[in-house]
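*Asks:* Provided herewith: query_10.cif, mmCIF, C-alpha atoms, pLDDT in the B column; chains and numbers go by the auth columns.
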```
data_structure
loop_
_atom_site.group_PDB
_atom_site.id
_atom_site.type_symbol
_atom_site.label_atom_id
_atom_site.label_comp_id
_atom_site.label_asym_id
_atom_site.label_seq_id
_atom_site.Cartn_x
_atom_site.Cartn_y
_atom_site.Cartn_z
_atom_site.B_iso_or_equiv
_atom_site.auth_seq_id
_atom_site.auth_asym_id
ATOM 1 C CA MET A 1 171.936 125.630 67.166 46.00 1 A
ATOM 2 C CA GLU A 2 169.418 128.482 67.274 58.00 2 A
ATOM 3 C CA ILE A 3 166.070 128.035 68.985 60.00 3 A
ATOM 4 C CA LYS A 4 164.388 129.321 65.838 65.00 4 A
ATOM 5 C CA ALA A 5 166.040 126.555 63.806 61.00 5 A
ATOM 6 C CA VAL A 6 164.816 123.967 66.307 56.00 6 A
ATOM 7 C CA LEU A 7 161.279 125.343 66.277 57.00 7 A
ATOM 8 C CA GLU A 8 161.262 125.259 62.491 63.00 8 A
ATOM 9 C CA GLY A 9 162.556 121.691 62.515 57.00 9 A
ATOM 10 C CA ARG A 10 165.910 122.476 60.916 58.00 10 A
ATOM 11 C CA GLY A 11 168.961 120.643 62.235 57.00 11 A
ATOM 12 C CA PHE A 12 167.163 117.844 64.026 54.00 12 A
ATOM 13 C CA ARG A 13 163.647 116.519 64.394 56.00 13 A
ATOM 14 C CA PRO A 14 162.361 117.131 67.903 63.00 14 A
ATOM 15 C CA ASN A 15 159.297 115.236 69.024 85.00 15 A
ATOM 16 C CA PHE A 16 156.064 116.938 70.007 84.00 16 A
ATOM 17 C CA LEU A 17 157.046 117.099 73.674 86.00 17 A
ATOM 18 C CA VAL A 18 160.362 118.825 72.957 89.00 18 A
ATOM 19 C CA LYS A 19 158.737 121.314 70.581 91.00 19 A
ATOM 20 C CA SER A 20 155.922 122.002 73.005 92.00 20 A
ATOM 21 C CA VAL A 21 158.363 122.632 75.864 91.00 21 A
ATOM 22 C CA LEU A 22 160.424 124.951 73.666 94.00 22 A
ATOM 23 C CA HIS A 23 157.331 126.977 72.760 96.00 23 A
ATOM 24 C CA LYS A 24 156.238 127.051 76.416 94.00 24 A
ATOM 25 C CA ASN A 25 159.665 128.279 77.533 95.00 25 A
ATOM 26 C CA MET A 26 159.745 130.907 74.788 97.00 26 A
ATOM 27 C CA GLY A 27 156.275 132.056 75.848 97.00 27 A
ATOM 28 C CA TRP A 28 157.402 132.230 79.471 95.00 28 A
ATOM 29 C CA ALA A 29 160.430 134.339 78.512 97.00 29 A
ATOM 30 C CA LEU A 30 158.279 136.671 76.404 97.00 30 A
ATOM 31 C CA LEU A 31 155.787 136.985 79.281 97.00 31 A
ATOM 32 C CA GLU A 32 158.608 138.070 81.573 96.00 32 A
ATOM 33 C CA LEU A 33 159.640 140.615 78.917 97.00 33 A
ATOM 34 C CA ARG A 34 156.010 141.823 78.817 97.00 34 A
ATOM 35 C CA ASP A 35 155.664 140.986 75.134 98.00 35 A
ATOM 36 C CA TYR A 36 152.199 139.590 75.690 98.00 36 A
ATOM 37 C CA GLU A 37 151.198 139.211 72.049 97.00 37 A
ATOM 38 C CA GLN A 38 154.218 137.073 71.172 97.00 38 A
ATOM 39 C CA ALA A 39 153.995 135.194 74.470 97.00 39 A
ATOM 40 C CA GLU A 40 150.412 134.224 73.671 98.00 40 A
ATOM 41 C CA ILE A 41 151.417 133.021 70.207 97.00 41 A
ATOM 42 C CA GLN A 42 154.172 130.811 71.634 97.00 42 A
ATOM 43 C CA LEU A 43 151.983 129.417 74.411 97.00 43 A
ATOM 44 C CA ASN A 44 149.175 128.634 71.980 97.00 44 A
ATOM 45 C CA ALA A 45 151.716 126.822 69.795 97.00 45 A
ATOM 46 C CA ALA A 46 152.804 124.758 72.813 96.00 46 A
ATOM 47 C CA ILE A 47 149.179 123.900 73.557 96.00 47 A
ATOM 48 C CA ALA A 48 148.475 123.012 69.923 95.00 48 A
ATOM 49 C CA LEU A 49 151.295 120.457 70.060 93.00 49 A
ATOM 50 C CA LEU A 50 150.382 119.004 73.472 90.00 50 A
ATOM 51 C CA GLY A 51 147.112 120.275 74.816 91.00 51 A
ATOM 52 C CA ASP A 52 147.185 118.366 78.077 90.00 52 A
ATOM 53 C CA ARG A 53 150.088 120.050 79.867 88.00 53 A
ATOM 54 C CA ALA A 54 149.315 122.425 82.722 90.00 54 A
ATOM 55 C CA ALA A 55 152.350 124.707 82.508 92.00 55 A
ATOM 56 C CA ALA A 56 151.460 126.327 79.179 95.00 56 A
ATOM 57 C CA TYR A 57 147.899 126.966 80.359 95.00 57 A
ATOM 58 C CA CYS A 58 149.123 128.463 83.642 92.00 58 A
ATOM 59 C CA LEU A 59 151.368 130.876 81.774 95.00 59 A
ATOM 60 C CA LEU A 60 148.610 131.629 79.279 97.00 60 A
ATOM 61 C CA GLY A 61 146.381 132.604 82.201 93.00 61 A
ATOM 62 C CA ARG A 62 148.979 135.133 83.302 93.00 62 A
ATOM 63 C CA VAL A 63 149.343 136.494 79.757 97.00 63 A
ATOM 64 C CA ARG A 64 145.607 136.876 79.281 96.00 64 A
ATOM 65 C CA GLU A 65 145.247 138.591 82.635 91.00 65 A
ATOM 66 C CA ALA A 66 147.944 141.052 81.596 95.00 66 A
ATOM 67 C CA LYS A 67 145.987 141.668 78.384 96.00 67 A
ATOM 68 C CA GLN A 68 142.763 142.230 80.389 93.00 68 A
ATOM 69 C CA ASP A 69 141.168 139.175 78.729 94.00 69 A
ATOM 70 C CA ASN A 70 139.334 137.906 81.806 85.00 70 A
ATOM 71 C CA ARG A 71 137.285 135.241 80.033 90.00 71 A
ATOM 72 C CA GLY A 72 140.350 133.851 78.285 94.00 72 A
ATOM 73 C CA ALA A 73 142.346 133.966 81.507 90.00 73 A
ATOM 74 C CA LEU A 74 139.637 132.073 83.358 88.00 74 A
ATOM 75 C CA ARG A 75 139.599 129.327 80.690 92.00 75 A
ATOM 76 C CA ALA A 76 143.379 129.067 80.852 93.00 76 A
ATOM 77 C CA TRP A 77 143.403 128.897 84.674 88.00 77 A
ATOM 78 C CA ARG A 78 140.777 126.143 84.590 88.00 78 A
ATOM 79 C CA ASN A 79 142.877 124.121 82.157 91.00 79 A
ATOM 80 C CA CYS A 80 145.947 124.797 84.266 88.00 80 A
ATOM 81 C CA LEU A 81 144.269 122.979 87.152 85.00 81 A
ATOM 82 C CA ARG A 82 142.598 120.393 84.921 87.00 82 A
ATOM 83 C CA TYR A 83 145.904 119.067 83.573 87.00 83 A
ATOM 84 C CA ALA A 84 148.001 119.531 86.716 83.00 84 A
ATOM 85 C CA SER A 85 148.218 115.797 87.406 75.00 85 A
ATOM 86 C CA LYS A 86 150.095 115.254 84.128 73.00 86 A
ATOM 87 C CA GLU A 87 153.006 117.471 85.167 72.00 87 A
ATOM 88 C CA LYS A 88 156.163 116.228 86.831 71.00 88 A
ATOM 89 C CA TYR A 89 157.000 118.114 89.997 68.00 89 A
ATOM 90 C CA GLN A 90 158.493 121.483 89.163 72.00 90 A
ATOM 91 C CA PRO A 91 158.525 124.264 91.773 67.00 91 A
ATOM 92 C CA GLU A 92 157.469 126.940 89.293 78.00 92 A
ATOM 93 C CA VAL A 93 154.487 124.871 88.134 77.00 93 A
ATOM 94 C CA GLU A 94 153.443 124.334 91.754 74.00 94 A
ATOM 95 C CA ASN A 95 153.488 128.114 92.224 76.00 95 A
ATOM 96 C CA TRP A 96 151.400 128.608 89.069 78.00 96 A
ATOM 97 C CA LEU A 97 148.890 126.012 90.272 78.00 97 A
ATOM 98 C CA MET A 98 148.497 127.876 93.566 76.00 98 A
ATOM 99 C CA GLU A 99 148.067 131.082 91.571 78.00 99 A
ATOM 100 C CA ALA A 100 145.372 129.401 89.432 80.00 100 A
ATOM 101 C CA LYS A 101 143.484 128.242 92.525 77.00 101 A
ATOM 102 C CA LYS A 102 143.566 131.763 93.953 78.00 102 A
ATOM 103 C CA ARG A 103 142.390 133.276 90.684 77.00 103 A
ATOM 104 C CA LEU A 104 139.485 130.939 90.176 77.00 104 A
ATOM 105 C CA GLU A 105 137.927 131.087 93.619 72.00 105 A
ATOM 106 C CA ILE A 106 135.662 128.342 92.347 51.00 106 A
ATOM 107 C CA GLU A 107 132.700 129.058 94.615 37.00 107 A
ATOM 108 C CA GLY A 108 131.026 132.326 93.822 43.00 108 A
ATOM 109 C CA ASN A 109 132.956 132.933 90.603 52.00 109 A
ATOM 110 C CA ASP A 110 130.606 134.355 87.998 43.00 110 A
ATOM 111 C CA GLY A 111 132.597 132.768 85.173 45.00 111 A
ATOM 112 C CA VAL A 112 133.800 136.090 83.833 43.00 112 A
ATOM 113 C CA THR A 113 135.308 138.256 86.540 47.00 113 A
ATOM 114 C CA ILE A 114 138.629 137.212 88.036 46.00 114 A
ATOM 115 C CA THR A 115 139.049 138.484 91.546 47.00 115 A
ATOM 116 C CA GLN A 116 142.102 138.221 93.715 48.00 116 A
ATOM 117 C CA LYS A 117 142.014 137.345 97.365 44.00 117 A
ATOM 118 C CA PRO A 118 143.594 139.978 99.630 42.00 118 A
#
```
Could you spell out this file's structure in structure tokens?
*Replies:*
Amino acid sequence: MEIKAVLEGRGFRPNFLVKSVLHKNMGWALLELRDYEQAEIQLNAAIALLGDRAAAYCLLGRVREAKQDNRGALRAWRNCLRYASKEKYQPEVENWLMEAKKRLEIEGNDGVTITQKP
């Protein structure tokens, strides 16, 4: 069965979690392909279905950074950390959480500029 058919609900009726994970994974793949516009669409769809999962926000932070949307990236990184406790252990999510912590540099962050530690 095609992913597109699943996302459109044809063939079987996935629950919100399954659909959200499919959108998140599609967004992740598109991010890796540097198709940032489509990646953002997929990640926003994942968040619209289940807005309390860290992984989609972590990836969205990376997408928005790539698009030079620093404010949007900062919001996404904050939500990445905010919802981290709801995630099951996954090595890639742990890496994204560490990335979020580095990006935010909570003390001294002006709320707009994202700076990286050396």
*Asks:* Nearest to Trp77 (chain A): which of A:Met26, A:Leu59, A:Ala100, A:Val93 is it, counting all atoms listed in the file?
*Replies:* A:Ala100
*Asks:* Report, in Å to a single decimal, how far apart CA of Ala56 (chain A) and CA of Asp69 (chain A) are.
*Replies:*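 That distance, rounded to one decimal, is 16.5 Å.
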*Asks:* Name the closest residue to Glu99 (chain A) among the candidates A:Ala73, A:Ile41, A:Leu49, A:Val21; distances are taken between atoms, counting only C-alpha atoms.
*Replies:* A:Ala73
*Asks:* Tell me which of A:Arg62, A:Lys88, A:Arg78, A:Arg71 sits closest to Arg34 (chain A), counting only C-alpha atoms.
*Replies:*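 The shortest atom-to-atom distance to Arg34 (chain A) comes from A:Arg62.
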*Asks:* Separation of CA of Asn25 (chain A) and CA of Arg82 (chain A), in Å?
*Replies:*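 The value is 20.2 Å.
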*Asks:* Counting only C-alpha atoms, which of A:Ala84, A:Ala39, A:Ser20, A:Glu92 gets nearest to Val63 (chain A)?
*Replies:* A:Ala39
*Asks:* For Gly72 (chain A), please output as a list of chain:residue names all residues within 12 Å (counting only C-alpha atoms; exclusion window: fewer than 4 positions along the same chain).
*Replies:* A:Glu40, A:Tyr57, A:Cys58, A:Leu59, A:Leu60, A:Gly61, A:Arg62, A:Val63, A:Arg64, A:Glu65, A:Ala66, A:Lys67, A:Gln68, A:Ala76, A:Trp77, A:Arg78, A:Asn79, A:Gly111, A:Val112, A:Thr113, A:Ile114
*Asks:* Could you add N, CA and C atoms to region 42-65 of chain A and give me the result as a PDB file, keeping the file's coordinate frame?
*Replies:*
```
ATOM      1  N   GLN A  42     153.309 131.944  71.285  1.00 97.00           N
ATOM      2  CA  GLN A  42     154.172 130.811  71.634  1.00 97.00           C
ATOM      3  C   GLN A  42     153.439 129.812  72.534  1.00 97.00           C
ATOM      4  N   LEU A  43     152.695 130.313  73.504  1.00 97.00           N
ATOM      5  CA  LEU A  43     151.983 129.417  74.411  1.00 97.00           C
ATOM      6  C   LEU A  43     150.873 128.667  73.690  1.00 97.00           C
ATOM      7  N   ASN A  44     150.188 129.325  72.779  1.00 97.00           N
ATOM      8  CA  ASN A  44     149.175 128.634  71.980  1.00 97.00           C
ATOM      9  C   ASN A  44     149.805 127.562  71.091  1.00 97.00           C
ATOM     10  N   ALA A  45     151.006 127.831  70.591  1.00 97.00           N
ATOM     11  CA  ALA A  45     151.716 126.822  69.795  1.00 97.00           C
ATOM     12  C   ALA A  45     152.069 125.612  70.658  1.00 97.00           C
ATOM     13  N   ALA A  46     152.498 125.858  71.884  1.00 96.00           N
ATOM     14  CA  ALA A  46     152.804 124.758  72.813  1.00 96.00           C
ATOM     15  C   ALA A  46     151.560 123.925  73.072  1.00 96.00           C
ATOM     16  N   ILE A  47     150.439 124.585  73.279  1.00 96.00           N
ATOM     17  CA  ILE A  47     149.179 123.900  73.557  1.00 96.00           C
ATOM     18  C   ILE A  47     148.695 123.135  72.332  1.00 96.00           C
ATOM     19  N   ALA A  48     148.892 123.700  71.148  1.00 95.00           N
ATOM     20  CA  ALA A  48     148.475 123.012  69.923  1.00 95.00           C
ATOM     21  C   ALA A  48     149.243 121.695  69.743  1.00 95.00           C
ATOM     22  N   LEU A  49     150.486 121.677  70.167  1.00 93.00           N
ATOM     23  CA  LEU A  49     151.295 120.457  70.060  1.00 93.00           C
ATOM     24  C   LEU A  49     150.928 119.431  71.117  1.00 93.00           C
ATOM     25  N   LEU A  50     150.768 119.876  72.350  1.00 90.00           N
ATOM     26  CA  LEU A  50     150.382 119.004  73.472  1.00 90.00           C
ATOM     27  C   LEU A  50     149.404 119.771  74.338  1.00 90.00           C
ATOM     28  N   GLY A  51     148.145 119.509  74.140  1.00 91.00           N
ATOM     29  CA  GLY A  51     147.112 120.275  74.816  1.00 91.00           C
ATOM     30  C   GLY A  51     146.752 119.802  76.199  1.00 91.00           C
ATOM     31  N   ASP A  52     147.526 118.882  76.755  1.00 90.00           N
ATOM     32  CA  ASP A  52     147.185 118.366  78.077  1.00 90.00           C
ATOM     33  C   ASP A  52     148.286 118.603  79.102  1.00 90.00           C
ATOM     34  N   ARG A  53     149.020 119.701  78.930  1.00 88.00           N
ATOM     35  CA  ARG A  53     150.088 120.050  79.867  1.00 88.00           C
ATOM     36  C   ARG A  53     149.720 121.339  80.589  1.00 88.00           C
ATOM     37  N   ALA A  54     149.774 121.304  81.901  1.00 90.00           N
ATOM     38  CA  ALA A  54     149.315 122.425  82.722  1.00 90.00           C
ATOM     39  C   ALA A  54     150.155 123.687  82.564  1.00 90.00           C
ATOM     40  N   ALA A  55     151.460 123.541  82.455  1.00 92.00           N
ATOM     41  CA  ALA A  55     152.350 124.707  82.508  1.00 92.00           C
ATOM     42  C   ALA A  55     152.010 125.762  81.465  1.00 92.00           C
ATOM     43  N   ALA A  56     151.769 125.353  80.229  1.00 95.00           N
ATOM     44  CA  ALA A  56     151.460 126.327  79.179  1.00 95.00           C
ATOM     45  C   ALA A  56     150.153 127.053  79.479  1.00 95.00           C
ATOM     46  N   TYR A  57     149.163 126.325  79.999  1.00 95.00           N
ATOM     47  CA  TYR A  57     147.899 126.966  80.359  1.00 95.00           C
ATOM     48  C   TYR A  57     148.066 127.937  81.521  1.00 95.00           C
ATOM     49  N   CYS A  58     148.877 127.572  82.499  1.00 92.00           N
ATOM     50  CA  CYS A  58     149.123 128.463  83.642  1.00 92.00           C
ATOM     51  C   CYS A  58     149.734 129.780  83.164  1.00 92.00           C
ATOM     52  N   LEU A  59     150.727 129.672  82.307  1.00 95.00           N
ATOM     53  CA  LEU A  59     151.368 130.876  81.774  1.00 95.00           C
ATOM     54  C   LEU A  59     150.403 131.663  80.899  1.00 95.00           C
ATOM     55  N   LEU A  60     149.586 130.956  80.125  1.00 97.00           N
ATOM     56  CA  LEU A  60     148.610 131.629  79.279  1.00 97.00           C
ATOM     57  C   LEU A  60     147.608 132.407  80.131  1.00 97.00           C
ATOM     58  N   GLY A  61     147.249 131.867  81.284  1.00 93.00           N
ATOM     59  CA  GLY A  61     146.381 132.604  82.201  1.00 93.00           C
ATOM     60  C   GLY A  61     146.998 133.923  82.621  1.00 93.00           C
ATOM     61  N   ARG A  62     148.289 133.898  82.912  1.00 93.00           N
ATOM     62  CA  ARG A  62     148.979 135.133  83.302  1.00 93.00           C
ATOM     63  C   ARG A  62     149.027 136.127  82.145  1.00 93.00           C
ATOM     64  N   VAL A  63     149.291 135.623  80.941  1.00 97.00           N
ATOM     65  CA  VAL A  63     149.343 136.494  79.757  1.00 97.00           C
ATOM     66  C   VAL A  63     147.983 137.140  79.523  1.00 97.00           C
ATOM     67  N   ARG A  64     146.939 136.335  79.559  1.00 96.00           N
ATOM     68  CA  ARG A  64     145.607 136.876  79.281  1.00 96.00           C
ATOM     69  C   ARG A  64     145.147 137.846  80.361  1.00 96.00           C
ATOM     70  N   GLU A  65     145.535 137.608  81.585  1.00 91.00           N
ATOM     71  CA  GLU A  65     145.247 138.591  82.635  1.00 91.00           C
ATOM     72  C   GLU A  65     145.931 139.912  82.319  1.00 91.00           C
TER      73      GLU A  65
END
```
